[in-house]
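Chemist: Sharing start-v4.json (JSON, C-alpha atoms) below.
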[["chain", "number", "residue", "atom", "x", "y", "z"],
["A", 1, "MET", "CA", 72.36, 70.45, 156.08],
["A", 2, "THR", "CA", 71.16, 66.88, 156.58],
["A", 3, "ASN", "CA", 67.38, 66.79, 156.48],
["A", 4, "ASP", "CA", 65.06, 63.78, 156.21],
["A", 5, "LEU", "CA", 62.71, 65.84, 154.06],
["A", 6, "LEU", "CA", 65.50, 66.49, 151.56],
["A", 7, "ALA", "CA", 66.74, 62.91, 151.65],
["A", 8, "GLU", "CA", 63.43, 61.35, 150.65],
["A", 9, "THR", "CA", 63.02, 60.35, 147.02],
["A", 10, "ALA", "CA", 60.13, 62.17, 145.43],
["A", 11, "PRO", "CA", 57.67, 60.20, 143.32],
["A", 12, "ASP", "CA", 58.34, 60.48, 139.59],
["A", 13, "GLU", "CA", 55.28, 62.57, 138.89],
["A", 14, "GLY", "CA", 52.38, 64.18, 140.72],
["A", 15, "PRO", "CA", 48.77, 63.75, 139.61],
["A", 16, "ASP", "CA", 48.94, 66.78, 137.28],
["A", 17, "GLY", "CA", 52.65, 67.55, 137.34],
["A", 18, "GLY", "CA", 54.20, 70.22, 139.52],
["A", 19, "TRP", "CA", 53.15, 70.62, 143.16],
["A", 20, "TYR", "CA", 50.78, 68.15, 144.78],
["A", 21, "VAL", "CA", 49.79, 66.62, 148.15],
["A", 22, "ASP", "CA", 50.41, 62.92, 148.54],
["A", 23, "GLU", "CA", 48.22, 60.29, 150.22],
["A", 24, "ARG", "CA", 49.94, 60.63, 153.62],
["A", 25, "CYS", "CA", 48.14, 63.92, 154.37],
["A", 26, "THR", "CA", 46.32, 63.90, 157.73],
["A", 27, "ASN", "CA", 44.36, 67.12, 157.09],
["A", 28, "CYS", "CA", 46.11, 68.93, 159.94],
["A", 29, "ASP", "CA", 45.50, 72.35, 158.29],
["A", 30, "VAL", "CA", 49.13, 73.52, 158.46],
["A", 31, "ALA", "CA", 49.54, 73.60, 154.67],
["A", 32, "ARG", "CA", 46.42, 75.71, 154.26],
["A", 33, "GLN", "CA", 47.62, 78.13, 156.91],
["A", 34, "LEU", "CA", 50.91, 78.66, 155.09],
["A", 35, "ALA", "CA", 49.76, 78.46, 151.47],
["A", 36, "PRO", "CA", 46.15, 79.67, 151.52],
["A", 37, "ASP", "CA", 46.27, 80.93, 147.93],
["A", 38, "VAL", "CA", 47.12, 77.57, 146.40],
["A", 39, "ILE", "CA", 46.11, 74.85, 148.89],
["A", 40, "SER", "CA", 42.56, 74.15, 150.09],
["A", 41, "GLU", "CA", 40.63, 71.33, 151.72],
["A", 42, "LYS", "CA", 38.91, 68.73, 149.58],
["A", 43, "ASN", "CA", 37.46, 65.39, 150.61],
["A", 44, "GLY", "CA", 38.97, 65.60, 154.09],
["A", 45, "ARG", "CA", 42.53, 66.42, 153.09],
["A", 46, "ALA", "CA", 44.70, 69.21, 151.72],
["A", 47, "GLU", "CA", 44.94, 69.62, 147.97],
["A", 48, "VAL", "CA", 46.93, 71.90, 145.67],
["A", 49, "THR", "CA", 44.19, 73.71, 143.80],
["A", 50, "ARG", "CA", 46.48, 75.28, 141.20],
["A", 51, "GLN", "CA", 50.16, 75.77, 140.52],
["A", 52, "PRO", "CA", 51.85, 78.97, 141.81],
["A", 53, "ARG", "CA", 51.63, 82.04, 139.59],
["A", 54, "SER", "CA", 54.15, 84.19, 141.42],
["A", 55, "ASP", "CA", 57.31, 83.98, 143.51],
["A", 56, "ALA", "CA", 55.21, 84.75, 146.59],
["A", 57, "GLU", "CA", 52.96, 81.74, 145.94],
["A", 58, "ALA", "CA", 56.01, 79.54, 145.33],
["A", 59, "ARG", "CA", 57.39, 80.65, 148.70],
["A", 60, "GLN", "CA", 54.07, 79.70, 150.31],
["A", 61, "LEU", "CA", 54.40, 76.18, 148.94],
["A", 62, "HIS", "CA", 57.99, 75.90, 150.12],
["A", 63, "ALA", "CA", 56.89, 76.92, 153.62],
["A", 64, "ALA", "CA", 54.07, 74.37, 153.56],
["A", 65, "ALA", "CA", 56.45, 71.64, 152.37],
["A", 66, "PHE", "CA", 59.04, 72.30, 155.08],
["A", 67, "ALA", "CA", 56.34, 72.47, 157.78],
["A", 68, "CYS", "CA", 54.31, 69.41, 156.78],
["A", 69, "HIS", "CA", 54.73, 66.68, 159.39],
["A", 70, "THR", "CA", 54.04, 63.87, 156.92],
["A", 71, "ARG", "CA", 56.23, 65.39, 154.17],
["A", 72, "SER", "CA", 53.19, 65.33, 151.91],
["A", 73, "ILE", "CA", 53.67, 68.63, 150.04],
["A", 74, "ARG", "CA", 55.81, 67.63, 147.07],
["A", 75, "HIS", "CA", 56.91, 68.62, 143.59],
["A", 76, "SER", "CA", 56.95, 66.02, 140.85],
["A", 77, "ALA", "CA", 60.16, 67.26, 139.22],
["A", 78, "ARG", "CA", 62.17, 69.20, 141.80],
["A", 79, "ARG", "CA", 63.63, 68.40, 145.20],
["A", 80, "LEU", "CA", 63.59, 70.82, 148.07],
["A", 81, "THR", "CA", 66.95, 72.30, 148.97],
["A", 82, "PRO", "CA", 67.99, 73.95, 152.26],
["A", 83, "ASP", "CA", 68.15, 77.42, 150.70],
["A", 84, "LEU", "CA", 64.38, 77.26, 150.18],
["A", 85, "ASP", "CA", 63.64, 76.62, 153.87],
["A", 86, "PRO", "CA", 62.05, 79.81, 155.32],
["A", 87, "PHE", "CA", 62.04, 78.69, 158.97],
["A", 88, "PRO", "CA", 62.13, 80.08, 161.55],
["A", 89, "LEU", "CA", 59.59, 82.35, 159.85],
["A", 90, "ALA", "CA", 59.00, 85.80, 161.36],
["A", 91, "LEU", "CA", 55.35, 86.58, 162.14],
["A", 92, "ASP", "CA", 56.37, 89.95, 163.55],
["A", 93, "ASP", "CA", 59.42, 91.41, 165.29],
["A", 94, "ALA", "CA", 59.10, 89.18, 168.38],
["A", 95, "VAL", "CA", 57.54, 85.88, 167.27],
["A", 96, "HIS", "CA", 58.80, 83.31, 164.78],
["A", 97, "LEU", "CA", 57.07, 80.15, 163.59],
["A", 98, "CYS", "CA", 59.38, 77.15, 163.97],
["A", 99, "GLY", "CA", 58.00, 75.12, 161.06],
["A", 100, "HIS", "CA", 59.21, 71.53, 160.68],
["A", 101, "ASN", "CA", 56.16, 70.26, 162.53],
["A", 102, "SER", "CA", 56.47, 66.85, 164.19],
["A", 103, "ARG", "CA", 54.53, 63.64, 163.64],
["A", 104, "HIS", "CA", 54.81, 63.11, 167.40],
["A", 105, "THR", "CA", 52.71, 66.23, 168.12],
["A", 106, "ALA", "CA", 50.12, 65.53, 165.40],
["A", 107, "GLY", "CA", 51.68, 68.31, 163.33],
["A", 108, "ALA", "CA", 51.24, 71.07, 165.91],
["A", 109, "ASN", "CA", 52.78, 74.48, 165.35],
["A", 110, "ALA", "CA", 55.61, 75.63, 167.62],
["A", 111, "TYR", "CA", 56.94, 79.14, 168.14],
["A", 112, "LEU", "CA", 59.97, 81.14, 169.21],
["A", 113, "LEU", "CA", 59.37, 84.21, 171.37],
["A", 114, "ARG", "CA", 62.16, 86.77, 171.34],
["A", 115, "ARG", "CA", 62.71, 88.78, 174.51],
["A", 116, "GLY", "CA", 64.08, 92.27, 174.97],
["A", 117, "ASP", "CA", 67.31, 91.04, 176.54],
["A", 118, "GLY", "CA", 68.21, 89.06, 173.41],
["A", 119, "THR", "CA", 67.11, 85.67, 174.73],
["A", 120, "THR", "CA", 64.38, 83.47, 173.30],
["A", 121, "MET", "CA", 61.68, 81.10, 174.57],
["A", 122, "MET", "CA", 60.35, 78.11, 172.63],
["A", 123, "ILE", "CA", 56.63, 77.38, 172.93],
["A", 124, "ASP", "CA", 55.87, 73.73, 172.17],
["A", 125, "THR", "CA", 58.27, 71.84, 169.93],
["A", 126, "PRO", "CA", 58.96, 71.18, 166.26],
["A", 127, "ARG", "CA", 60.46, 67.85, 165.19],
["A", 128, "TRP", "CA", 63.82, 67.18, 166.77],
["A", 129, "SER", "CA", 66.91, 67.99, 164.73],
["A", 130, "GLU", "CA", 70.34, 69.14, 165.84],
["A", 131, "GLN", "CA", 70.56, 71.30, 162.75],
["A", 132, "LEU", "CA", 67.22, 72.93, 163.50],
["A", 133, "ALA", "CA", 68.25, 73.57, 167.10],
["A", 134, "THR", "CA", 71.33, 75.40, 165.84],
["A", 135, "ARG", "CA", 69.21, 77.44, 163.45],
["A", 136, "TYR", "CA", 66.69, 78.38, 166.14],
["A", 137, "GLU", "CA", 69.48, 79.30, 168.51],
["A", 138, "GLU", "CA", 70.70, 81.93, 166.07],
["A", 139, "LEU", "CA", 67.75, 84.10, 167.12],
["A", 140, "GLY", "CA", 69.08, 84.21, 170.69],
["A", 141, "THR", "CA", 69.91, 81.95, 173.61],
["A", 142, "VAL", "CA", 66.86, 79.81, 174.41],
["A", 143, "THR", "CA", 66.19, 80.01, 178.16],
["A", 144, "ASP", "CA", 62.87, 78.17, 178.43],
["A", 145, "VAL", "CA", 60.85, 75.53, 176.58],
["A", 146, "LEU", "CA", 57.18, 76.04, 177.44],
["A", 147, "LEU", "CA", 54.83, 73.11, 176.88],
["A", 148, "THR", "CA", 51.15, 73.96, 176.52],
["A", 149, "HIS", "CA", 49.97, 70.39, 177.23],
["A", 150, "GLN", "CA", 50.80, 66.70, 176.98],
["A", 151, "ASP", "CA", 50.03, 66.28, 173.26],
["A", 152, "HIS", "CA", 52.85, 68.68, 172.40],
["A", 153, "ALA", "CA", 55.46, 67.46, 174.88],
["A", 154, "ALA", "CA", 57.44, 65.34, 172.42],
["A", 155, "HIS", "CA", 61.03, 66.55, 171.97],
["A", 156, "GLY", "CA", 60.66, 69.00, 174.89],
["A", 157, "ARG", "CA", 63.36, 67.42, 177.03],
["A", 158, "ARG", "CA", 65.70, 67.03, 174.09],
["A", 159, "TYR", "CA", 65.40, 70.66, 173.01],
["A", 160, "ALA", "CA", 65.69, 71.91, 176.60],
["A", 161, "ASP", "CA", 68.85, 69.88, 177.16],
["A", 162, "ARG", "CA", 70.32, 71.02, 173.85],
["A", 163, "PHE", "CA", 69.69, 74.67, 174.71],
["A", 164, "GLY", "CA", 70.50, 74.38, 178.42],
["A", 165, "ALA", "CA", 66.95, 75.64, 178.97],
["A", 166, "ARG", "CA", 64.26, 75.03, 181.59],
["A", 167, "LEU", "CA", 61.39, 72.76, 180.57],
["A", 168, "TRP", "CA", 57.92, 73.79, 181.82],
["A", 169, "ILE", "CA", 54.66, 71.83, 182.04],
["A", 170, "HIS", "CA", 51.56, 71.79, 184.24],
["A", 171, "GLU", "CA", 51.18, 69.16, 186.95],
["A", 172, "GLY", "CA", 48.01, 67.87, 185.29],
["A", 173, "ASP", "CA", 50.03, 66.66, 182.31],
["A", 174, "LEU", "CA", 53.24, 65.83, 184.16],
["A", 175, "ASP", "CA", 53.14, 62.22, 182.97],
["A", 176, "ALA", "CA", 54.10, 63.53, 179.52],
["A", 177, "ALA", "CA", 57.24, 65.27, 180.86],
["A", 178, "PRO", "CA", 58.01, 63.79, 184.29],
["A", 179, "ASP", "CA", 61.52, 65.25, 184.19],
["A", 180, "ALA", "CA", 60.36, 68.84, 183.65],
["A", 181, "ASP", "CA", 62.46, 71.47, 185.42],
["A", 182, "ARG", "CA", 59.50, 73.67, 186.37],
["A", 183, "VAL", "CA", 56.02, 72.39, 187.21],
["A", 184, "ILE", "CA", 53.06, 74.76, 187.09],
["A", 185, "ARG", "CA", 50.46, 73.96, 189.75],
["A", 186, "GLY", "CA", 46.85, 74.88, 190.40],
["A", 187, "THR", "CA", 44.83, 77.34, 188.33],
["A", 188, "GLU", "CA", 46.39, 80.68, 189.20],
["A", 189, "PRO", "CA", 48.79, 82.39, 186.76],
["A", 190, "VAL", "CA", 52.51, 81.82, 187.19],
["A", 191, "GLU", "CA", 55.29, 84.16, 186.08],
["A", 192, "ILE", "CA", 57.70, 82.50, 183.67],
["A", 193, "GLY", "CA", 59.88, 85.56, 183.16],
["A", 194, "ALA", "CA", 59.59, 89.30, 182.70],
["A", 195, "GLY", "CA", 56.36, 89.93, 180.80],
["A", 196, "VAL", "CA", 55.50, 86.24, 180.36],
["A", 197, "LEU", "CA", 52.74, 84.54, 182.37],
["A", 198, "ALA", "CA", 51.39, 80.98, 182.31],
["A", 199, "TYR", "CA", 47.62, 80.64, 182.76],
["A", 200, "PRO", "CA", 46.46, 77.11, 183.58],
["A", 201, "LEU", "CA", 43.46, 76.30, 181.39],
["A", 202, "PRO", "CA", 42.32, 72.72, 182.07],
["A", 203, "GLY", "CA", 39.87, 71.39, 179.53],
["A", 204, "HIS", "CA", 41.47, 70.16, 176.33],
["A", 205, "THR", "CA", 43.69, 68.16, 178.68],
["A", 206, "ARG", "CA", 43.85, 68.19, 182.46],
["A", 207, "GLY", "CA", 47.09, 70.19, 182.36],
["A", 208, "SER", "CA", 46.52, 72.56, 179.45],
["A", 209, "VAL", "CA", 48.20, 75.97, 179.79],
["A", 210, "LEU", "CA", 48.26, 79.13, 177.71],
["A", 211, "TYR", "CA", 51.19, 81.52, 177.80],
["A", 212, "LEU", "CA", 50.64, 85.26, 177.62],
["A", 213, "ALA", "CA", 53.54, 87.53, 176.65],
["A", 214, "ASP", "CA", 53.66, 91.32, 176.93],
["A", 215, "GLU", "CA", 49.84, 91.55, 176.83],
["A", 216, "ARG", "CA", 50.28, 91.05, 173.10],
["A", 217, "TYR", "CA", 50.84, 87.37, 172.35],
["A", 218, "CYS", "CA", 48.64, 84.47, 173.47],
["A", 219, "PHE", "CA", 50.11, 81.02, 172.86],
["A", 220, "SER", "CA", 46.90, 79.06, 173.35],
["A", 221, "GLY", "CA", 48.01, 75.49, 172.70],
["A", 222, "ASP", "CA", 44.92, 73.53, 171.73],
["A", 223, "SER", "CA", 42.55, 75.43, 174.04],
["A", 224, "PHE", "CA", 41.27, 77.78, 171.32],
["A", 225, "TYR", "CA", 42.27, 78.95, 167.85],
["A", 226, "TRP", "CA", 41.24, 81.21, 164.97],
["A", 227, "SER", "CA", 38.86, 79.51, 162.54],
["A", 228, "ARG", "CA", 38.86, 80.67, 158.92],
["A", 229, "THR", "CA", 35.53, 78.95, 158.44],
["A", 230, "THR", "CA", 33.70, 80.96, 161.10],
["A", 231, "ALA", "CA", 36.06, 83.99, 161.08],
["A", 232, "ASP", "CA", 36.15, 83.86, 164.86],
["A", 233, "LEU", "CA", 37.83, 82.30, 167.88],
["A", 234, "GLU", "CA", 36.75, 78.69, 168.39],
["A", 235, "VAL", "CA", 37.39, 75.72, 170.67],
["A", 236, "ALA", "CA", 37.92, 72.26, 169.20],
["A", 237, "ALA", "CA", 34.90, 70.87, 171.02],
["A", 238, "SER", "CA", 35.07, 67.58, 169.13],
["A", 239, "VAL", "CA", 38.72, 67.02, 170.12],
["A", 240, "THR", "CA", 38.65, 67.46, 173.90],
["A", 241, "TRP", "CA", 40.56, 64.79, 175.79],
["A", 242, "TYR", "CA", 39.67, 65.86, 179.33],
["A", 243, "SER", "CA", 36.45, 67.87, 179.69],
["A", 244, "ILE", "CA", 34.59, 70.49, 177.67],
["A", 245, "VAL", "CA", 32.81, 71.44, 180.90],
["A", 246, "GLU", "CA", 36.18, 72.16, 182.55],
["A", 247, "LEU", "CA", 37.30, 74.11, 179.49],
["A", 248, "ALA", "CA", 34.19, 76.28, 179.76],
["A", 249, "ALA", "CA", 34.94, 76.92, 183.43],
["A", 250, "SER", "CA", 38.56, 77.73, 182.60],
["A", 251, "LEU", "CA", 37.56, 80.23, 179.95],
["A", 252, "ALA", "CA", 34.97, 81.84, 182.22],
["A", 253, "ARG", "CA", 37.63, 82.25, 184.93],
["A", 254, "THR", "CA", 40.49, 83.34, 182.71],
["A", 255, "ALA", "CA", 39.08, 85.28, 179.75],
["A", 256, "PRO", "CA", 38.42, 88.50, 181.71],
["A", 257, "ARG", "CA", 42.08, 88.52, 182.81],
["A", 258, "LEU", "CA", 43.59, 88.23, 179.36],
["A", 259, "ARG", "CA", 44.57, 91.01, 177.00],
["A", 260, "PHE", "CA", 46.35, 90.22, 173.75],
["A", 261, "GLU", "CA", 46.47, 90.99, 170.03],
["A", 262, "TRP", "CA", 47.80, 87.71, 168.62],
["A", 263, "VAL", "CA", 46.28, 84.27, 169.11],
["A", 264, "LEU", "CA", 48.97, 81.69, 168.34],
["A", 265, "PRO", "CA", 47.61, 78.13, 168.72],
["A", 266, "GLY", "CA", 49.15, 74.72, 168.28],
["A", 267, "HIS", "CA", 46.40, 73.54, 165.95],
["A", 268, "GLY", "CA", 44.24, 75.96, 164.01],
["A", 269, "ASP", "CA", 45.10, 79.27, 162.45],
["A", 270, "ARG", "CA", 46.78, 82.37, 163.84],
["A", 271, "LYS", "CA", 45.22, 85.81, 163.91],
["A", 272, "ARG", "CA", 46.08, 89.36, 164.94],
["A", 273, "LEU", "CA", 43.32, 91.80, 165.93],
["A", 274, "PRO", "CA", 43.16, 94.90, 168.12],
["A", 275, "ALA", "CA", 43.28, 93.87, 171.78],
["A", 276, "ALA", "CA", 39.80, 95.24, 172.52],
["A", 277, "GLU", "CA", 38.25, 93.24, 169.68],
["A", 278, "MET", "CA", 40.13, 90.10, 170.68],
["A", 279, "ALA", "CA", 38.89, 90.50, 174.27],
["A", 280, "HIS", "CA", 35.33, 90.86, 173.01],
["A", 281, "ARG", "CA", 35.62, 87.73, 170.87],
["A", 282, "LEU", "CA", 37.18, 85.76, 173.72],
["A", 283, "ALA", "CA", 34.33, 86.72, 176.05],
["A", 284, "ARG", "CA", 31.82, 85.55, 173.45],
["A", 285, "LEU", "CA", 33.76, 82.30, 173.03],
["A", 286, "ALA", "CA", 33.57, 81.70, 176.79],
["A", 287, "THR", "CA", 29.80, 82.16, 176.63],
["A", 288, "ARG", "CA", 29.42, 79.80, 173.66],
["A", 289, "THR", "CA", 31.66, 77.15, 175.22],
["A", 290, "ALA", "CA", 29.51, 77.13, 178.37],
["A", 291, "GLN", "CA", 26.62, 75.92, 176.22],
["A", 292, "LEU", "CA", 28.50, 72.95, 174.75],
["A", 293, "GLN", "CA", 27.93, 69.37, 175.83],
["A", 294, "PRO", "CA", 30.47, 66.51, 175.91],
["A", 295, "GLN", "CA", 30.73, 64.64, 172.64],
["A", 296, "PRO", "CA", 32.78, 61.79, 171.18],
["A", 297, "VAL", "CA", 36.16, 62.68, 169.74],
["A", 298, "ASP", "CA", 35.78, 63.43, 166.03],
["A", 299, "PHE", "CA", 38.69, 65.07, 164.20],
["A", 300, "THR", "CA", 36.60, 65.56, 161.07],
["A", 301, "ALA", "CA", 34.20, 67.88, 162.89],
["A", 302, "VAL", "CA", 36.80, 70.58, 163.60],
["A", 303, "ARG", "CA", 36.02, 73.78, 161.72],
["A", 304, "TRP", "CA", 39.39, 75.02, 160.52]]
Render the structure in this file as structure tokens.

Modeler:
Amino acid sequence: MTNDLLAETAPDEGPDGGWYVDERCTNCDVARQLAPDVISEKNGRAEVTRQPRSDAEARQLHAAAFACHTRSIRHSARRLTPDLDPFPLALDDAVHLCGHNSRHTAGANAYLLRRGDGTTMMIDTPRWSEQLATRYEELGTVTDVLLTHQDHAAHGRRYADRFGARLWIHEGDLDAAPDADRVIRGTEPVEIGAGVLAYPLPGHTRGSVLYLADERYCFSGDSFYWSRTTADLEVAASVTWYSIVELAASLARTAPRLRFEWVLPGHGDRKRLPAAEMAHRLARLATRTAQLQPQPVDFTAVRW
């Protein structure tokens, strides 16, 4: 398989030999999500804290390397080979993580949602690759590409055309995908397909949307995420392009209507909790967000 990650020439040696993170790291948190036992944050970037001690830890590093949008997770003596690529990576029986995050979406996570009829939906997009499209398609025919907001719209049209799928976006962010096949309007939920609803959630951007599947999975885009630092649901208040006040209003309106076990964001970590506990945490998040004030954009203030 042709892969720009595989084709790159690795530096001769990392700082301490073995695995390391190079200077291109943007501190997007993806590596720490996938390799939490061996990668941590230091001085505003990811860093390999120690070399793997088990096959499981080595697999974590391979996943981080194939997901990293800047190709910064590297080994000083070995090249990555296609057989080490774990993506799409199953999170449970219905959801897979796409990996291969894109520079054009600031390294956002994308997902594949498997449906009971054997088809699949893609939520946001990984980097574009014909080979990856073929690999994703092996999980089932992709019927829909669901964009959560404008920041994650890159490659949406290309994947939708490749799959023969419908491309969805909200009217508030239509400039990012003016050729979308389906446009979500207003603030009321819209049915995408059996068991899948789109809930407009303006705030992070004017056209932000979350997708709720089977009252189990919440694909939240950049509207909220699970923070390892606070061990709770959080909003990225310091990275709000439209209005934190609108996001608070959206959460107040929508939170009581949502029931799910998994939060699956674009940026920030994933988490599974009992639905009742998740509902309680989301209600508290809505209350906290209502107390926030607008602030300048500051990526370094996000509490991953």

Chemist: For the point (34.3, 63.3, 181.8) in file coordinates, what residues are within 8 Å, counting all atoms listed in the file? Give the answer as an NGL selection string?

Modeler: :A and (242-243 or 294)

Chemist: Just the number, please: distance in Å from CA of Leu273 (chain A) to CA of Leu201 (chain A), one decimal.

Modeler: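 Separation between CA of Leu273 (chain A) and CA of Leu201 (chain A): 21.9 Å.
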
Chemist: Considering all atoms listed in the file, state which residue in the set A:Ala279, A:Ala237, A:Val142, A:Leu264 is at the smallest distance from Gln291 (chain A).

Modeler: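 Once distances to Gln291 (chain A) are computed over all atoms listed in the file, the minimum belongs to A:Ala237.
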
Chemist: Work out how far CA of Arg79 (chain A) is from CA of Leu61 (chain A), in Å to one decimal.

Modeler: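 Straight-line distance from CA of Leu61 (chain A) to CA of Arg79 (chain A) works out to 12.6 Å.
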
Chemist: Please identify all polymer residues within 7 Å of region 81-94 of chain A, counting only C-alpha atoms, omitting same-chain residues fewer than 4 positions from it, and present them as a list in words.

Modeler: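 The neighbour list is Met1, Leu6, His62, Ala63, Phe66, Cys98, Gly99, Leu113, Arg114 and Tyr136 of chain A.
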
Chemist: Distance CA of Ala194 (chain A)-CA of Asp214 (chain A), one decimal place?

Modeler: 8.5 Å

Chemist: Neighbours of Pro256 (chain A) within 10 Å (all atoms listed in the file; same-chain residues fewer than 4 positions away dropped), as a short mmCIF file (atom, residue, chain, number, x, y, z; two decimals) with C-alpha atoms, keeping the file's coordinate frame?

Modeler:
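The resulting file, selection_2.cif, is shown below:
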data_model
loop_
_atom_site.label_atom_id
_atom_site.label_comp_id
_atom_site.auth_asym_id
_atom_site.auth_seq_id
_atom_site.Cartn_x
_atom_site.Cartn_y
_atom_site.Cartn_z
CA LEU A 251 37.56 80.23 179.95
CA ALA A 252 34.97 81.84 182.22
CA ALA A 279 38.89 90.50 174.27
CA HIS A 280 35.33 90.86 173.01
CA LEU A 282 37.18 85.76 173.72
CA ALA A 283 34.33 86.72 176.05
CA ALA A 286 33.57 81.70 176.79
#

Chemist: Pick out the closest residue to Leu97 (chain A) from this set: A:Ile169, A:Val209, A:Ala160, A:Ala64. Count all atoms listed in the file.

Modeler: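 Under the stated criterion, the closest residue is A:Ala64.
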
Chemist: Smallest atom-to-atom distance to Asp222 (chain A): which of A:His100, A:Arg166, A:His149, A:Arg135, using only C-alpha atoms?

Modeler: A:His149
